[in-house]
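Q: After the structure tokens below, expect a handful of questions from me.
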Amino acid sequence: MAAIHFGYTISKPRAIDLDRNNLRKSDEILREMPELQTCIGCGACTAICTAGNLTSFNFRKVHTLVRRGEYQGAYEEMNKCMLCGKCRLVCPRGINTRGVVMLIKRKLGDF
Amino acid sequence: MTFYAPFCLPFILGAALMFLIVAWKWGKWLWLLPHEDKMRILRGLPTRRTVAAIGEVVSESLLHRRIFRVNPLLGYMHMSLAFGWFLLILTGWIETVAHIGFRYVPLQGHVFFKYFATGLEHKPVFDFLMDLFLLFVLSGVALAWGKRFYSRAMGMHRTTKHVLGDRIALSALWFIFPARLLAESTTCALYGGGSFLTGSLGGWMAEHIGVMPLMTLESVAWWFYSSCLGLFFVALPFSRYMHIFTEIPLIFLRRYGVRSSEKESSYDRFQVEACSRCGICIDPCQLQSVLGINDVQSVYFLRDRRYGHLRLQVADNCLMCGRCVERCPVNIDLNTLRLNSRDRMRNVPDERRYGYFKGLDRSSGEGKVGYFAGCMTLLTPRTLTAMSTIFEAAGEEVWWADREGGVCCGRPLKLAGETDSARKMMKYNADLFRKHGITTLVTSCPICLKVFREDYDLPGVEVLHHSEYILRLIRAGRLTPERGTTRFTYHDPCELGRGSGIYDEPRAVIEAVGQLLEPASTRENALCCGSSVANTAISDGQQVQIARAVAGELEATGADVIVTACPLCKKAIGRGTKGEVRDLAEIVAGALK
């Protein structure tokens, strides 16, 4: 019986080697925005996202990857954000998400 | 008669240096103005605007009318220093002419006329006037001293923390007039003359001090007076006192239609240096009054920007609510300056950005009236449903621009300083509105409203806030809400009230469905909800703290329901109260039969 295709996909499993990744930028970001560590990864920001509604932009995924030292393409992804601020209003941990977007762009502009 | 004595030297050097630096600054700023602004000035010069500007210079630079509105005593203090000094200079000039006719007299001759005029016959009228005006200025100096110790008497809870340069200039300024009193009095003691102030003090000195010590004292006093003046003049162009001269060209340029924009220009220098650091902007700031943040207010922002040590953190930490703009006695365009600083620090033009807008159109419905919910209204679905009910009840055919998702209006990104990218969003939305041929654009978000009106090029499209639109429907008889007994209080959203000048329409709508109670701070003075998109620096907890303070004031009216006309304010205030918070559209939709 062929599985019904609902239009969703699952990211392929992969391992991130924290020992090999350069965490300097990530540390800097967390130092400037320590509240990001309180993120529970609920994804409300991404569910409500204006840009995420129109594209594949996934704020939760991008900032989680950045914190793990995976900076490749993060700047370009963050540039899809329109900074409308809805995510900040729905975040159950009250994280300054707009600040996070701008901080990541500022820190990773040259990646 | 020679008008020179060695003690004049500090004054002459100081004055010459000051005039040179001020002229150089003005010349440079004017030269660097964009071409269109230069043309504006040239076109404006021979018109009535020049006359109006002269009038404003008198009423603001000399009389300080706007400060009187903040507090009469504070206004008097500033007026006595500025207008009093001006009167002293003017009357001194006339006095010289009255004594020796229209003859060239060097600057120090006018300023130290009392010293040089000892051989001339006395003119009691001038003696009296000069003493009167000196007393006028001295009363201002006394008040300024008093203000250091007890600023509340002048309606100011907090005053500016000054930098060293300002302190030097301030001290020099404070000593100028007492020094002048002393110098003129000793001369009067030796040679007679003077009126109720210098004359009386001089008479007393003549009685109690011998001639020889008095002559020494005279020399010392004039040297001291001249040195104070010289020091003040040297410090002036580098301190806050640059505002004395800068406010004048600023008033003229503003009258000719020169404005600051989202990009920095040399006109901004006139605005930045016209700030007197009076600190009137500190008290209305909620970041100060609620959160105790005391280094980001407009006065400090302008200071940091002027001296070139502005940090992004300071530029970012502002709600841009505009409460300080309302109070600023110099009418500096504080929000625009803050914005173009952010632009300089953060704007990164990127051609490829927002490529995904291409071909995007999720709008639905057909109609000449377009409705743009905006991101925040999409997050407050009750407002959206209420608007839908209202459109249906009024029988309006509506084109829904973004009910199924759309592009943000661009204002949040613009306020963050990424102005070039924000332009892309604005262009996308404007093209979308044109494509669907709407003639009226209704939005229930004041943030969107402001950007539609100010930055979008939408000829033939009337942009309305939903409060204006609903009021029109009610007045045209297309909506007949039932007036109940509920008591409402209204929170003025910053972008709607101070930002777009819409105060009466929402109130009229509320009056149509119930009773309206005004909170303590209202209209131009209304508080900000604290969650403004312009601020990316304060934390969530701090936003809630401000929301609680605002909600407290709204609840104090005893109203059953808090009403606002902004989805963001609604969300924000909702976090600060256990009571009911509603959007304007909701209460109207609820009152429909």
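Chain labels follow the order of the structure tokens: the first chain is A, the next B, and so on; residue numbering restarts at 1 in every chain, and ligands are counted from 1 in their shown order.
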Taking only C-alpha atoms into account and nothing else, which residues of chain B lie no more than 7 Å away from chain A? Please answer as a PyMOL selection string.
A: chain B and resi 353-354+375-376+405+408+412-413+533+536-537+539-540
Q: Please produce a file of those selected residues containing C-alpha atoms, as an mmCIF file, in the first residue's frame.
A:
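Output file out09.cif is given in full below:
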data_model
loop_
_atom_site.group_PDB
_atom_site.id
_atom_site.type_symbol
_atom_site.label_atom_id
_atom_site.label_comp_id
_atom_site.auth_asym_id
_atom_site.auth_seq_id
_atom_site.Cartn_x
_atom_site.Cartn_y
_atom_site.Cartn_z
ATOM 1 C CA ARG B 353 16.793 40.044 -1.323
ATOM 2 C CA TYR B 354 13.089 39.157 -1.369
ATOM 3 C CA CYS B 375 0.733 41.133 9.923
ATOM 4 C CA MET B 376 -0.500 42.189 13.352
ATOM 5 C CA GLY B 405 -1.025 35.791 3.884
ATOM 6 C CA CYS B 408 4.465 43.030 5.344
ATOM 7 C CA PRO B 412 8.939 47.467 10.814
ATOM 8 C CA LEU B 413 11.982 46.834 8.619
ATOM 9 C CA VAL B 533 8.067 47.577 16.540
ATOM 10 C CA THR B 536 14.454 45.902 19.207
ATOM 11 C CA ALA B 537 16.467 46.351 22.361
ATOM 12 C CA SER B 539 13.281 42.550 26.676
ATOM 13 C CA ASP B 540 9.917 40.898 26.896
#
Q: Tell me, which residues of range 105-318 of chain B carry DSSP alpha helix (DSSP H), written as a ChimeraX atom specification?
A: /B:107-111,113-116,124-149,164-191,198-208,211-235,243-255,267-273,286-289,298-306,312-316
Q: Do you know which residues are at most 6 Å from Asn58 in chain A counting only C-alpha atoms, after dropping those on the same chain fewer than 2 positions away, and could you put them as number ranges by chain?
A: A: 46, 60-61
Q: Phe112 in chain B: which residues within 12 Å, counting only C-alpha atoms, same-chain residues fewer than 3 positions away excluded, as a VMD selection string?
A: chain B and resid 2 to 5 7 to 9 11 to 12 88 to 89 92 to 93 95 to 96 105 to 109 115 to 118 180 to 181 183 to 184 187 221 to 223 225 to 226 229
Q: Using N, CA and C atoms, can you export the residues from the last selection as a JSON list (two decimals), in the first residue's frame?
A:
[["chain", "number", "residue", "atom", "x", "y", "z"],
["B", 2, "THR", "N", 39.71, 105.98, 22.99],
["B", 2, "THR", "CA", 40.11, 104.69, 22.45],
["B", 2, "THR", "C", 39.30, 103.61, 23.14],
["B", 3, "PHE", "N", 38.90, 102.66, 22.36],
["B", 3, "PHE", "CA", 38.10, 101.57, 22.94],
["B", 3, "PHE", "C", 38.96, 100.32, 23.08],
["B", 4, "TYR", "N", 40.07, 100.48, 23.77],
["B", 4, "TYR", "CA", 40.88, 99.29, 23.98],
["B", 4, "TYR", "C", 41.56, 99.34, 25.34],
["B", 5, "ALA", "N", 41.51, 98.20, 26.00],
["B", 5, "ALA", "CA", 42.27, 98.02, 27.24],
["B", 5, "ALA", "C", 42.74, 96.58, 27.23],
["B", 7, "PHE", "N", 42.51, 94.20, 29.21],
["B", 7, "PHE", "CA", 41.60, 93.15, 29.70],
["B", 7, "PHE", "C", 40.62, 92.69, 28.61],
["B", 8, "CYS", "N", 40.49, 93.47, 27.52],
["B", 8, "CYS", "CA", 39.56, 93.10, 26.45],
["B", 8, "CYS", "C", 40.04, 91.87, 25.68],
["B", 9, "LEU", "N", 41.33, 91.57, 25.80],
["B", 9, "LEU", "CA", 41.94, 90.53, 24.96],
["B", 9, "LEU", "C", 41.21, 89.18, 25.01],
["B", 11, "PHE", "N", 38.20, 88.46, 25.68],
["B", 11, "PHE", "CA", 36.91, 88.58, 25.00],
["B", 11, "PHE", "C", 37.08, 88.62, 23.48],
["B", 12, "ILE", "N", 38.03, 89.47, 23.02],
["B", 12, "ILE", "CA", 38.21, 89.63, 21.57],
["B", 12, "ILE", "C", 38.61, 88.30, 20.94],
["B", 88, "LEU", "N", 20.18, 93.44, 26.61],
["B", 88, "LEU", "CA", 21.39, 94.11, 27.08],
["B", 88, "LEU", "C", 22.27, 94.53, 25.91],
["B", 89, "ILE", "N", 22.43, 93.61, 24.95],
["B", 89, "ILE", "CA", 23.27, 93.91, 23.78],
["B", 89, "ILE", "C", 22.64, 95.04, 22.97],
["B", 92, "GLY", "N", 22.62, 98.32, 24.87],
["B", 92, "GLY", "CA", 24.01, 98.77, 24.95],
["B", 92, "GLY", "C", 24.41, 99.45, 23.65],
["B", 93, "TRP", "N", 23.99, 98.87, 22.55],
["B", 93, "TRP", "CA", 24.30, 99.43, 21.24],
["B", 93, "TRP", "C", 23.69, 100.82, 21.11],
["B", 95, "GLU", "N", 22.76, 102.77, 23.46],
["B", 95, "GLU", "CA", 23.40, 103.67, 24.42],
["B", 95, "GLU", "C", 24.67, 104.27, 23.83],
["B", 96, "THR", "N", 25.47, 103.41, 23.17],
["B", 96, "THR", "CA", 26.69, 103.91, 22.55],
["B", 96, "THR", "C", 26.36, 104.97, 21.51],
["B", 105, "VAL", "N", 32.47, 101.85, 16.31],
["B", 105, "VAL", "CA", 33.01, 101.48, 17.62],
["B", 105, "VAL", "C", 33.31, 99.99, 17.56],
["B", 106, "PRO", "N", 34.53, 99.56, 17.92],
["B", 106, "PRO", "CA", 34.81, 98.13, 17.88],
["B", 106, "PRO", "C", 33.91, 97.37, 18.86],
["B", 107, "LEU", "N", 33.80, 96.05, 18.62],
["B", 107, "LEU", "CA", 32.87, 95.23, 19.39],
["B", 107, "LEU", "C", 33.08, 95.38, 20.90],
["B", 108, "GLN", "N", 34.35, 95.36, 21.32],
["B", 108, "GLN", "CA", 34.59, 95.43, 22.77],
["B", 108, "GLN", "C", 34.17, 96.79, 23.32],
["B", 109, "GLY", "N", 34.13, 97.79, 22.47],
["B", 109, "GLY", "CA", 33.67, 99.11, 22.88],
["B", 109, "GLY", "C", 32.23, 99.09, 23.32],
["B", 115, "TYR", "N", 32.99, 100.75, 31.03],
["B", 115, "TYR", "CA", 34.38, 100.97, 31.41],
["B", 115, "TYR", "C", 34.98, 102.15, 30.68],
["B", 116, "PHE", "N", 34.65, 102.23, 29.36],
["B", 116, "PHE", "CA", 35.25, 103.28, 28.54],
["B", 116, "PHE", "C", 34.53, 104.61, 28.68],
["B", 117, "ALA", "N", 33.24, 104.60, 29.13],
["B", 117, "ALA", "CA", 32.41, 105.81, 29.07],
["B", 117, "ALA", "C", 32.47, 106.63, 30.35],
["B", 118, "THR", "N", 33.50, 106.36, 31.20],
["B", 118, "THR", "CA", 33.52, 107.06, 32.49],
["B", 118, "THR", "C", 33.65, 108.56, 32.33],
["B", 180, "ARG", "N", 29.80, 90.69, 35.52],
["B", 180, "ARG", "CA", 29.47, 91.97, 34.91],
["B", 180, "ARG", "C", 28.95, 92.95, 35.96],
["B", 181, "LEU", "N", 28.11, 92.42, 36.85],
["B", 181, "LEU", "CA", 27.56, 93.27, 37.92],
["B", 181, "LEU", "C", 28.70, 93.84, 38.77],
["B", 183, "ALA", "N", 31.92, 94.15, 37.98],
["B", 183, "ALA", "CA", 32.79, 95.04, 37.22],
["B", 183, "ALA", "C", 32.16, 96.41, 37.06],
["B", 184, "GLU", "N", 30.90, 96.43, 36.66],
["B", 184, "GLU", "CA", 30.24, 97.72, 36.44],
["B", 184, "GLU", "C", 30.07, 98.47, 37.76],
["B", 187, "THR", "N", 33.30, 100.19, 38.76],
["B", 187, "THR", "CA", 33.49, 101.40, 37.95],
["B", 187, "THR", "C", 32.58, 102.51, 38.45],
["B", 221, "ALA", "N", 38.06, 92.77, 38.32],
["B", 221, "ALA", "CA", 36.68, 92.44, 37.95],
["B", 221, "ALA", "C", 36.50, 92.48, 36.44],
["B", 222, "TRP", "N", 37.06, 93.50, 35.78],
["B", 222, "TRP", "CA", 36.89, 93.57, 34.31],
["B", 222, "TRP", "C", 37.65, 92.44, 33.64],
["B", 223, "TRP", "N", 38.83, 92.13, 34.14],
["B", 223, "TRP", "CA", 39.58, 90.98, 33.59],
["B", 223, "TRP", "C", 38.76, 89.70, 33.73],
["B", 225, "TYR", "N", 35.49, 89.38, 34.12],
["B", 225, "TYR", "CA", 34.32, 89.43, 33.25],
["B", 225, "TYR", "C", 34.70, 89.09, 31.81],
["B", 226, "SER", "N", 35.74, 89.71, 31.32],
["B", 226, "SER", "CA", 36.20, 89.47, 29.95],
["B", 226, "SER", "C", 36.63, 88.01, 29.76],
["B", 229, "LEU", "N", 33.60, 85.73, 29.51],
["B", 229, "LEU", "CA", 33.01, 85.84, 28.17],
["B", 229, "LEU", "C", 33.85, 85.07, 27.16]]
